[in-house]
Amino acid sequence: MYVVTVDQELCTGCGECVAACPAQIFIVEGGKAVAGQDECLGCQGCVSVCPSEAIKVDEY
Ligand code: SF4
Ligand code: SF4
């Protein structure tokens, strides 16, 4: 499984990850992206598009 973490201090709430994720696991809430933990496909697309390098995707 994959666990997605968003660094809340780095995230600017730009929404690029919301648009890029094929599994639609991100929402922007209160100006910050929040990730669900269970449907990530591990494609790393969000990591590539995030301008703030705020996203980490780890495989367990
Ligand atoms: S790695 Fe892919 S599926 Fe997982 S959260 Fe990022 S964009 Fe979505
Ligand atoms: S792409 Fe990065 S900076 Fe933009 S909302 Fe997503 S996590 Fe935050």
# chains A, B, ... in the order shown; residues from 1 in each chain; ligands from 1

call {"tool": "residues_around", "arguments": {"residues": "segment 41-55 of chain A", "least_positions_apart": "4", "cutoff": "8 Å", "atoms": "only C-alpha atoms", "output": "list of chain:residue names"}}
result
A:Tyr2, A:Val4, A:Thr5, A:Val6, A:Asp7, A:Gln8, A:Leu10, A:Cys11, A:Thr12, A:Glu16, A:Cys17, A:Ala20, A:Cys21, A:Ala23, A:Glu59

call {"tool": "select_by_dssp", "arguments": {"residues": "chain A", "states": "strand (DSSP E or B)", "output": "PDB file with C-alpha atoms, in the first residue's frame"}}
result
ATOM      1  CA  TYR A   2       0.972   3.602  -0.438  1.00  0.00           C
ATOM      2  CA  VAL A   3       0.851   6.306   2.193  1.00  0.00           C
ATOM      3  CA  VAL A   4       0.637   9.896   1.008  1.00  0.00           C
ATOM      4  CA  THR A   5       1.777  12.733   3.242  1.00  0.00           C
ATOM      5  CA  VAL A   6       1.399  16.446   2.645  1.00  0.00           C
ATOM      6  CA  PHE A  26      -6.661  15.059  -2.474  1.00  0.00           C
ATOM      7  CA  ILE A  27      -8.945  17.796  -1.291  1.00  0.00           C
ATOM      8  CA  VAL A  28      -7.954  21.355  -0.407  1.00  0.00           C
ATOM      9  CA  GLU A  29      -9.361  22.310   2.956  1.00  0.00           C
ATOM     10  CA  LYS A  32      -4.054  23.187   2.535  1.00  0.00           C
ATOM     11  CA  ALA A  33      -4.170  19.888   0.671  1.00  0.00           C
ATOM     12  CA  VAL A  34      -5.287  16.837   2.608  1.00  0.00           C
ATOM     13  CA  ALA A  35      -4.742  13.290   1.340  1.00  0.00           C
ATOM     14  CA  ILE A  55       4.068  15.653  -1.077  1.00  0.00           C
ATOM     15  CA  LYS A  56       5.665  12.357  -0.149  1.00  0.00           C
ATOM     16  CA  VAL A  57       4.440   8.963  -1.373  1.00  0.00           C
ATOM     17  CA  ASP A  58       5.857   5.975   0.484  1.00  0.00           C
ATOM     18  CA  GLU A  59       5.243   2.316  -0.252  1.00  0.00           C
TER      19      GLU A  59
END

call {"tool": "closest_residue", "arguments": {"among": "A:Gly13, A:Gly31, A:Cys40, A:Val18", "to": "ligand 1", "atoms": "only C-alpha atoms and all ligand atoms"}}
result
A:Cys40

call {"tool": "closest_residue", "arguments": {"among": "A:Gly30, A:Glu39, A:Glu9, A:Gly15", "to": "ligand 1", "atoms": "only C-alpha atoms and all ligand atoms"}}
result
A:Glu39

call {"tool": "atom_distance", "arguments": {"atom1": "atom CA of Cys14 of chain A", "atom2": "atom CA of Tyr60 of chain A"}}
result
27.8 Å

call {"tool": "select_by_dssp", "arguments": {"residues": "chain A", "states": "helix (DSSP H, G or I)", "output": "count of residues only"}}
result
10

call {"tool": "decode", "arguments": {"residues": "chain A", "atoms": "C-alpha atoms", "output": "compact mmCIF listing (two decimals), in the first residue's frame"}}
result
# COMPACT_ATOMS: atom_id res chain seq x y z
CA MET A 1 0.00 0.00 0.00
CA TYR A 2 0.97 3.60 -0.44
CA VAL A 3 0.85 6.31 2.19
CA VAL A 4 0.64 9.90 1.01
CA THR A 5 1.78 12.73 3.24
CA VAL A 6 1.40 16.45 2.64
CA ASP A 7 3.76 18.74 4.53
CA GLN A 8 1.31 21.33 5.81
CA GLU A 9 4.01 23.95 6.19
CA LEU A 10 5.16 23.67 2.57
CA CYS A 11 1.73 23.34 0.96
CA THR A 12 0.32 26.55 -0.52
CA GLY A 13 -3.11 25.09 -1.37
CA CYS A 14 -2.55 25.62 -5.11
CA GLY A 15 -4.66 22.57 -6.02
CA GLU A 16 -2.26 21.11 -8.61
CA CYS A 17 -2.29 17.75 -6.81
CA VAL A 18 -6.09 17.68 -6.80
CA ALA A 19 -6.10 18.08 -10.59
CA ALA A 20 -3.25 15.62 -11.17
CA CYS A 21 -4.29 12.64 -9.04
CA PRO A 22 -6.08 9.92 -11.06
CA ALA A 23 -7.42 8.43 -7.82
CA GLN A 24 -8.79 11.78 -6.61
CA ILE A 25 -7.44 11.39 -3.13
CA PHE A 26 -6.66 15.06 -2.47
CA ILE A 27 -8.94 17.80 -1.29
CA VAL A 28 -7.95 21.35 -0.41
CA GLU A 29 -9.36 22.31 2.96
CA GLY A 30 -8.64 25.56 4.73
CA GLY A 31 -5.99 26.45 2.14
CA LYS A 32 -4.05 23.19 2.54
CA ALA A 33 -4.17 19.89 0.67
CA VAL A 34 -5.29 16.84 2.61
CA ALA A 35 -4.74 13.29 1.34
CA GLY A 36 -6.83 10.22 1.92
CA GLN A 37 -4.66 7.20 2.69
CA ASP A 38 -6.22 4.19 1.02
CA GLU A 39 -6.63 4.55 -2.73
CA CYS A 40 -3.27 5.84 -3.91
CA LEU A 41 -1.96 4.07 -7.05
CA GLY A 42 1.64 5.00 -6.43
CA CYS A 43 2.01 6.81 -9.76
CA GLN A 44 3.99 9.70 -8.20
CA GLY A 45 2.10 12.18 -10.40
CA CYS A 46 1.29 14.41 -7.45
CA VAL A 47 4.93 14.49 -6.38
CA SER A 48 5.90 15.66 -9.89
CA VAL A 49 3.34 18.46 -10.12
CA CYS A 50 3.61 19.92 -6.63
CA PRO A 51 5.51 23.20 -6.98
CA SER A 52 6.33 23.24 -3.27
CA GLU A 53 7.68 19.68 -3.01
CA ALA A 54 5.22 19.18 -0.18
CA ILE A 55 4.07 15.65 -1.08
CA LYS A 56 5.66 12.36 -0.15
CA VAL A 57 4.44 8.96 -1.37
CA ASP A 58 5.86 5.97 0.48
CA GLU A 59 5.24 2.32 -0.25
CA TYR A 60 4.76 -0.10 2.63
